[in-house]
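Q: Structure file coords.txt (compact mmCIF, C-alpha atoms) right here:
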# COMPACT_ATOMS: atom_id res chain seq x y z
CA MET A 1272 56.48 -104.39 28.62
CA LEU A 1273 59.96 -104.20 30.12
CA GLU A 1274 60.45 -103.36 33.80
CA ILE A 1275 63.75 -101.65 34.59
CA GLN A 1276 65.09 -101.07 38.10
CA LEU A 1277 68.05 -98.75 38.54
CA ASN A 1278 70.62 -99.41 41.23
CA ARG A 1279 72.11 -96.61 43.34
CA ASP A 1280 75.45 -96.78 41.53
CA TYR A 1281 73.86 -96.74 38.05
CA PRO A 1282 75.31 -96.47 35.43
CA LYS A 1283 78.42 -98.09 36.86
CA THR A 1284 76.40 -101.25 37.38
CA PRO A 1285 73.71 -102.49 34.99
CA PRO A 1286 70.01 -102.07 35.81
CA SER A 1287 67.83 -105.05 36.73
CA VAL A 1288 65.39 -105.99 33.97
CA SER A 1289 62.34 -108.24 33.88
CA ALA A 1290 59.50 -108.94 31.44
CA ASP A 1291 56.71 -111.44 30.80
CA VAL A 1292 58.69 -113.44 28.22
CA PRO A 1293 59.71 -117.12 28.06
CA TYR A 1294 63.28 -116.29 29.04
CA MET A 1295 65.26 -113.11 29.57
CA PHE A 1296 68.14 -111.97 27.42
CA THR A 1297 71.67 -111.55 28.79
CA LEU A 1298 72.13 -107.82 29.20
CA GLU A 1299 75.35 -106.47 27.67
CA TRP A 1300 76.48 -103.49 29.72
CA SER A 1301 79.42 -101.11 30.09
CA THR A 1302 79.92 -97.81 31.91
CA SER A 1303 79.07 -95.99 28.68
CA SER A 1304 75.79 -97.88 28.22
CA ARG A 1305 72.43 -96.13 28.64
CA LEU A 1306 68.77 -97.15 28.91
CA LYS A 1307 68.30 -96.83 25.16
CA ASP A 1308 70.85 -99.65 24.79
CA VAL A 1309 68.75 -101.79 27.12
CA MET A 1310 65.64 -101.13 25.02
CA HIS A 1311 67.53 -101.93 21.83
CA GLN A 1312 68.61 -105.31 23.25
CA PHE A 1313 65.08 -105.98 24.51
CA GLN A 1314 63.60 -105.23 21.08
CA LYS A 1315 66.08 -107.60 19.47
CA HIS A 1316 65.07 -110.25 22.00
CA LEU A 1317 61.39 -109.72 21.13
CA ASP A 1318 62.19 -110.07 17.43
CA ASN A 1319 63.84 -113.43 18.14
CA LEU A 1320 60.68 -114.60 19.92
CA GLN A 1321 58.23 -113.69 17.14
CA GLU A 1322 58.30 -117.10 15.47
CA PHE A 1323 57.72 -118.78 18.86
CA TRP A 1324 54.74 -116.53 19.58
CA SER A 1325 53.42 -117.04 16.06
CA VAL A 1326 53.23 -120.80 16.72
CA LEU A 1327 51.49 -120.20 20.07
CA ASP A 1328 48.94 -117.92 18.39
CA ASP A 1329 48.25 -120.57 15.78
CA ILE A 1330 47.56 -123.12 18.51
CA ASP A 1331 45.43 -120.79 20.65
CA LYS A 1332 43.24 -119.68 17.74
CA SER A 1333 42.85 -123.01 15.93
CA LEU A 1334 42.66 -125.65 18.66
CA CYS A 1335 40.66 -126.16 21.83
CA VAL A 1336 43.20 -125.09 24.47
CA VAL A 1337 42.68 -125.45 28.22
CA ASP A 1338 42.51 -121.97 29.82
CA ALA A 1339 42.38 -120.44 26.35
CA LYS A 1340 40.82 -117.18 27.64
CA GLN A 1341 44.11 -116.17 29.27
CA PRO A 1342 46.90 -118.12 27.55
CA SER A 1343 50.36 -117.36 28.89
CA ARG A 1344 52.72 -115.64 26.46
CA SER A 1345 55.70 -116.67 28.58
CA SER A 1346 54.96 -120.39 28.79
CA PRO A 1347 56.05 -122.83 26.05
CA VAL A 1348 53.43 -125.33 27.25
CA ARG A 1349 49.93 -125.74 25.82
CA ARG A 1350 47.29 -128.20 27.03
CA ILE A 1351 45.10 -129.18 24.08
CA HIS A 1352 41.81 -131.11 24.15
CA ALA A 1353 42.23 -134.25 22.03
CA GLY A 1354 38.71 -135.64 22.41
CA ASN A 1355 37.17 -138.24 24.78
CA ASP A 1356 38.40 -136.30 27.86
CA CYS A 1357 42.01 -136.76 26.75
CA ILE A 1358 44.46 -133.84 27.02
CA LEU A 1359 47.54 -133.46 24.84
CA ILE A 1360 50.32 -131.50 26.58
CA VAL A 1361 52.87 -130.03 24.16
CA HIS A 1362 56.11 -128.21 24.95
CA ILE A 1363 57.23 -125.82 22.19
CA ASN A 1364 60.96 -125.45 21.57
CA PHE A 1365 62.04 -121.80 22.03
CA ASP A 1366 64.93 -122.09 19.59
CA ASP A 1367 63.05 -124.08 16.93
CA PRO A 1368 59.30 -123.57 17.51
CA LYS A 1369 58.24 -125.22 14.24
CA SER A 1370 60.02 -128.46 15.08
CA LEU A 1371 58.38 -131.58 16.53
CA PRO A 1372 57.42 -130.68 20.12
CA GLU A 1373 57.75 -132.78 23.25
CA CYS A 1374 54.34 -134.17 24.16
CA ARG A 1375 52.45 -136.42 26.53
CA PHE A 1376 48.84 -137.48 26.93
CA ILE A 1377 46.81 -137.37 30.15
CA GLY A 1378 43.22 -138.24 30.97
CA PRO A 1379 40.89 -140.14 33.30
CA VAL A 1380 40.77 -143.94 33.43
CA PRO A 1381 37.72 -144.28 31.11
CA SER A 1382 39.66 -142.56 28.31
CA ALA A 1383 42.76 -144.75 28.74
CA MET A 1384 42.16 -146.69 25.50
CA HIS A 1385 41.75 -143.52 23.45
CA MET A 1386 44.81 -142.02 25.14
CA ASN A 1387 46.93 -145.10 24.45
CA ASN A 1388 45.84 -145.10 20.79
CA LEU A 1389 46.87 -141.46 20.39
CA HIS A 1390 50.21 -142.13 22.07
CA MET A 1391 50.82 -145.08 19.73
CA LEU A 1392 49.96 -142.95 16.68
CA TRP A 1393 52.28 -140.20 17.89
CA ARG A 1394 55.23 -142.58 18.19
CA ARG A 1395 54.46 -144.23 14.85
CA ASN A 1396 53.85 -141.07 12.78
CA SER A 1397 56.10 -138.45 14.41
CA LYS A 1398 58.44 -138.56 11.40
CA LYS A 1399 55.62 -137.05 9.32
CA TRP A 1400 56.07 -133.74 11.14
CA SER A 1401 56.86 -131.00 8.63
CA LYS A 1402 57.98 -127.43 9.27
CA GLU A 1403 56.14 -126.45 6.09
CA LYS A 1404 52.79 -127.22 7.74
CA SER A 1405 51.04 -125.32 10.52
CA PHE A 1406 51.12 -126.72 14.04
CA PRO A 1407 47.43 -127.83 14.00
CA GLU A 1408 47.88 -129.48 10.59
CA ASN A 1409 50.88 -131.43 11.85
CA LEU A 1410 49.04 -132.64 14.95
CA GLU A 1411 46.06 -133.86 12.95
CA CYS A 1412 48.32 -135.52 10.37
CA ILE A 1413 50.23 -137.46 13.03
CA LEU A 1414 47.18 -138.39 15.10
CA GLY A 1415 45.06 -139.19 12.06
CA THR A 1416 42.03 -137.32 13.38
CA GLU A 1417 40.48 -133.88 13.42
CA LEU A 1418 41.03 -132.25 16.80
CA PRO A 1419 38.27 -130.30 18.61
CA ARG A 1420 37.99 -126.65 17.63
CA PRO A 1421 37.45 -123.72 20.02
CA GLN A 1422 33.82 -123.08 20.86
CA GLY A 1423 32.29 -120.59 18.45
CA LEU A 1424 35.12 -120.84 15.92
CA GLN A 1425 32.70 -121.82 13.16
CA ASP A 1426 30.47 -118.87 14.06
CA GLU A 1427 33.48 -116.57 13.84
CA ASP A 1428 34.35 -118.00 10.43
CA ASP A 1429 30.81 -117.31 9.25
CA GLN A 1430 30.98 -113.74 10.52
CA GLN A 1431 34.13 -113.15 8.51
CA GLN A 1432 32.24 -113.62 5.25
CA VAL A 1433 32.09 -109.81 4.86
CA ASP A 1434 33.66 -107.22 2.61
CA CYS A 1435 37.40 -106.57 2.87
CA GLY A 1436 38.22 -103.17 4.36
CA ILE A 1437 40.86 -102.59 1.67
CA CYS A 1438 39.55 -103.95 -1.64
CA TYR A 1439 35.85 -103.65 -0.55
CA ALA A 1440 35.03 -107.10 -1.96
CA GLN A 1441 33.88 -110.17 -0.06
CA PHE A 1442 35.94 -112.56 -2.19
CA LEU A 1443 39.30 -112.26 -3.92
CA PRO A 1444 39.16 -112.40 -7.73
CA THR A 1445 39.05 -115.80 -9.40
CA ASP A 1446 42.53 -115.72 -10.89
CA VAL A 1447 45.01 -118.52 -11.53
CA GLU A 1448 47.85 -116.22 -10.37
CA LEU A 1449 46.35 -116.20 -6.87
CA GLY A 1450 46.68 -119.97 -6.61
CA ALA A 1451 44.89 -121.40 -3.57
CA ARG A 1452 43.77 -117.88 -2.60
CA SER A 1453 41.69 -117.48 -5.75
CA GLY A 1454 38.07 -116.67 -4.88
CA THR A 1455 38.61 -116.94 -1.10
CA PRO A 1456 36.72 -114.78 1.44
CA THR A 1457 38.13 -112.43 4.06
CA ASP A 1458 40.31 -114.31 6.54
CA TYR A 1459 41.71 -111.67 8.92
CA THR A 1460 39.82 -109.54 11.46
CA CYS A 1461 41.18 -106.67 13.55
CA GLU A 1462 41.28 -107.76 17.19
CA ASN A 1463 40.07 -104.35 18.40
CA THR A 1464 36.42 -105.13 19.22
CA SER A 1465 35.48 -101.50 18.57
CA CYS A 1466 36.85 -101.84 15.04
CA ASN A 1467 36.45 -105.53 14.10
CA LYS A 1468 37.21 -104.71 10.45
CA SER A 1469 37.78 -107.70 8.16
CA PHE A 1470 40.42 -108.06 5.45
CA HIS A 1471 41.91 -110.50 2.99
CA SER A 1472 45.38 -111.40 4.31
CA LEU A 1473 46.69 -110.76 0.81
CA CYS A 1474 45.24 -107.23 0.72
CA LEU A 1475 46.43 -106.41 4.23
CA THR A 1476 49.92 -107.68 3.45
CA ASP A 1477 50.16 -105.51 0.33
CA TRP A 1478 48.87 -102.52 2.27
CA LEU A 1479 51.34 -103.03 5.14
CA ARG A 1480 54.22 -103.32 2.68
CA SER A 1481 53.32 -99.89 1.32
CA ILE A 1482 53.68 -98.29 4.76
CA THR A 1483 57.19 -97.21 5.80
CA THR A 1484 56.55 -97.86 9.51
CA THR A 1485 55.74 -101.54 8.93
CA ARG A 1486 58.24 -103.90 10.55
CA GLN A 1487 59.03 -107.47 9.51
CA SER A 1488 60.30 -110.26 11.75
CA PHE A 1489 60.77 -113.68 10.16
CA ASP A 1490 57.56 -114.42 8.21
CA VAL A 1491 55.39 -111.87 10.04
CA LEU A 1492 54.59 -108.26 9.14
CA PHE A 1493 53.81 -105.90 12.05
CA GLY A 1494 51.95 -102.67 11.48
CA ASN A 1495 48.70 -100.89 12.26
CA CYS A 1496 45.09 -101.41 11.26
CA PRO A 1497 44.11 -99.05 8.39
CA TYR A 1498 40.96 -98.08 10.32
CA CYS A 1499 41.68 -97.95 14.07
CA SER A 1500 45.53 -97.92 14.04
CA ASP A 1501 45.68 -100.76 16.57
CA PRO A 1502 48.60 -103.20 16.07
CA VAL A 1503 48.11 -105.96 13.49
CA ALA A 1504 50.35 -108.88 12.55
CA VAL A 1505 50.06 -110.91 9.35
CA LYS A 1506 51.96 -114.04 8.38
CA ILE A 1507 53.55 -113.63 4.98
CA SER A 1508 53.59 -117.41 4.57
CA ASN A 1509 49.78 -117.39 4.67
CA VAL A 1510 49.51 -115.44 1.44
CA ASN A 1511 50.74 -116.03 -2.08
CA LYS A 1512 53.45 -113.67 -3.23
CA ILE A 1513 52.76 -112.11 -6.63
CA ASP A 1514 55.48 -110.43 -8.62
If you took the structure in this file and wrote it as structure tokens, what would it be?

A:
Amino acid sequence: MLEIQLNRDYPKTPPSVSADVPYMFTLEWSTSSRLKDVMHQFQKHLDNLQEFWSVLDDIDKSLCVVDAKQPSRSSPVRRIHAGNDCILIVHINFDDPKSLPECRFIGPVPSAMHMNNLHMLWRRNSKKWSKEKSFPENLECILGTELPRPQGLQDEDDQQQVDCGICYAQFLPTDVELGARSGTPTDYTCENTSCNKSFHSLCLTDWLRSITTTRQSFDVLFGNCPYCSDPVAVKISNVNKID
């Protein structure tokens, strides 16, 4: 949502704009500019932030994040439980969100040894960070341990073992062309609790690509749920492309 405040001498002077985003764009304005130009620049700014938000979503859904019920979409900082009362604080780079983040470890005195071990592993293995891996995978690779998962994540995974709302099958076909996706269950659920329809990411991606209103930003497709029409977003990198 973009908040626009018009000055008395508008349009001679640009309007004031604000939004719940990590940083605001520099508004380009002239006497011939109109509000539609502001919205166009804002949409471009949102497109540039999609990869950043994609990384945040990956962290919030896969790891045990402090205050995970209301994570800030404007903050590049995430506080992640690392076990034994130790907290890993990461700062995501706006311009290169898949790069190695800044981090530090905090915790009470009893967890000092565990915290020091994690800090040592981070310094020793930080070169293993790969942009080809997801954020959680990179963290666990560097720290050499499986990080705590959000409460109920396993239950949610079990609930997703249902038929896909597009192909109407629980599992994808066992086919060598599907690679790692061969025989896998549904892995995407509509976030609308009144809908809660499950899909294979592969099926949903193919369906979204067939719709003319679908929009793509970086490796993410944005469209609407086939059942409730609520917004959905699917990472293309999460599915195998088949020609």

Q: Under the rule that only C-alpha atoms are counted, which of A:Pro1347, A:Pro1407, A:Pro1282, A:Pro1293 is the nearest residue to Cys1335 of chain A?

A: A:Pro1407

Q: Do you know which residues are at most 9 Å from segment 1466-1473 of chain A counting all atoms listed in the file, after dropping those on the same chain fewer than 3 positions away, and could you put them as a PDB file with C-alpha atoms, keeping the file's coordinate frame?

A:
ATOM      1  CA  GLN A1431      34.130-113.150   8.510  1.00  0.00           C
ATOM      2  CA  GLN A1432      32.240-113.620   5.250  1.00  0.00           C
ATOM      3  CA  VAL A1433      32.090-109.810   4.860  1.00  0.00           C
ATOM      4  CA  ASP A1434      33.660-107.220   2.610  1.00  0.00           C
ATOM      5  CA  CYS A1435      37.400-106.570   2.870  1.00  0.00           C
ATOM      6  CA  GLY A1436      38.220-103.170   4.360  1.00  0.00           C
ATOM      7  CA  ILE A1437      40.860-102.590   1.670  1.00  0.00           C
ATOM      8  CA  CYS A1438      39.550-103.950  -1.640  1.00  0.00           C
ATOM      9  CA  TYR A1439      35.850-103.650  -0.550  1.00  0.00           C
ATOM     10  CA  GLN A1441      33.880-110.170  -0.060  1.00  0.00           C
ATOM     11  CA  PHE A1442      35.940-112.560  -2.190  1.00  0.00           C
ATOM     12  CA  LEU A1443      39.300-112.260  -3.920  1.00  0.00           C
ATOM     13  CA  ARG A1452      43.770-117.880  -2.600  1.00  0.00           C
ATOM     14  CA  THR A1455      38.610-116.940  -1.100  1.00  0.00           C
ATOM     15  CA  PRO A1456      36.720-114.780   1.440  1.00  0.00           C
ATOM     16  CA  THR A1457      38.130-112.430   4.060  1.00  0.00           C
ATOM     17  CA  ASP A1458      40.310-114.310   6.540  1.00  0.00           C
ATOM     18  CA  TYR A1459      41.710-111.670   8.920  1.00  0.00           C
ATOM     19  CA  THR A1460      39.820-109.540  11.460  1.00  0.00           C
ATOM     20  CA  CYS A1461      41.180-106.670  13.550  1.00  0.00           C
ATOM     21  CA  GLU A1462      41.280-107.760  17.190  1.00  0.00           C
ATOM     22  CA  ASN A1463      40.070-104.350  18.400  1.00  0.00           C
ATOM     23  CA  THR A1476      49.920-107.680   3.450  1.00  0.00           C
ATOM     24  CA  ASP A1477      50.160-105.510   0.330  1.00  0.00           C
ATOM     25  CA  TRP A1478      48.870-102.520   2.270  1.00  0.00           C
ATOM     26  CA  CYS A1496      45.090-101.410  11.260  1.00  0.00           C
ATOM     27  CA  TYR A1498      40.960 -98.080  10.320  1.00  0.00           C
ATOM     28  CA  CYS A1499      41.680 -97.950  14.070  1.00  0.00           C
ATOM     29  CA  VAL A1505      50.060-110.910   9.350  1.00  0.00           C
ATOM     30  CA  LYS A1506      51.960-114.040   8.380  1.00  0.00           C
ATOM     31  CA  ILE A1507      53.550-113.630   4.980  1.00  0.00           C
ATOM     32  CA  ASN A1509      49.780-117.390   4.670  1.00  0.00           C
ATOM     33  CA  VAL A1510      49.510-115.440   1.440  1.00  0.00           C
ATOM     34  CA  ASN A1511      50.740-116.030  -2.080  1.00  0.00           C
ATOM     35  CA  LYS A1512      53.450-113.670  -3.230  1.00  0.00           C
TER      36      LYS A1512
END

Q: Compile the contact shell of Gly1354 of chain A as a list of chain:residue names: residues with an atom at most 9 Å away, counting only C-alpha atoms, same-chain residues fewer than 3 positions apart removed.

A: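 Result of the neighbour search: A:Cys1357, A:Ile1358, A:His1385, A:Leu1418, A:Pro1419.
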
Q: Take the point (51.6, -132.1, 13.2) in the file's coordinates, draw a sphere of radius 10 Å around it, and report as a list in words every protein, DNA or RNA residue with an atom inside or on it, counting only C-alpha atoms.

A: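 Checked against the point, the hits come out as Lys1369, Ser1370, Leu1371, Pro1372, Trp1393, Asn1396, Ser1397, Lys1398, Lys1399, Trp1400, Ser1401, Lys1402, Lys1404, Ser1405, Phe1406, Pro1407, Glu1408, Asn1409, Leu1410, Glu1411, Cys1412, Ile1413, Leu1414 and Gly1415 of chain A.
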
Q: Could you check how far atom CA of Phe1489 of chain A sits from atom CA of Asp1318 of chain A, in Å to one decimal?

A: 8.2 Å

Q: By how many Å are atom CA of Val1491 of chain A and atom CA of Ala1504 of chain A apart?

A: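 For atom CA of Val1491 of chain A relative to atom CA of Ala1504 of chain A, the distance reads 6.4 Å.
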
Q: Tell me which of A:His1316, A:Arg1486, A:Arg1375, A:Arg1420 sits closest to Arg1350 of chain A, counting all atoms listed in the file.

A: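 Residue with the minimum atom-to-atom distance to Arg1350 of chain A: A:Arg1375.
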
Q: By how many Å are atom CA of Ser1481 of chain A and atom CA of Ala1440 of chain A apart?

A: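 Calculated distance between atom CA of Ser1481 of chain A and atom CA of Ala1440 of chain A is 19.9 Å.
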
Q: If we count all atoms listed in the file and set the cut-off at 10 Å, which residues sit around Met1295 of chain A, ignoring sequence neighbours fewer than 5 positions away in its own chain? Please answer as a ChimeraX atom specification.

A: /A:1288-1290,1313,1316-1317

Q: With distances taken over only C-alpha atoms, which of A:Leu1392, A:Val1348, A:Met1310, A:Leu1479 is nearest to Glu1373 of chain A?

A: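 When distances to Glu1373 of chain A are compared using only C-alpha atoms, the smallest one comes from A:Val1348.
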
Q: I need the residue nearest Ile1360 of chain A from this list: A:Leu1475, A:Ala1383, A:Val1336, A:Val1447. Use all atoms listed in the file for the distance.

A: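 Comparing A:Leu1475, A:Ala1383, A:Val1336, A:Val1447 against Ile1360 of chain A, the winner is A:Val1336.
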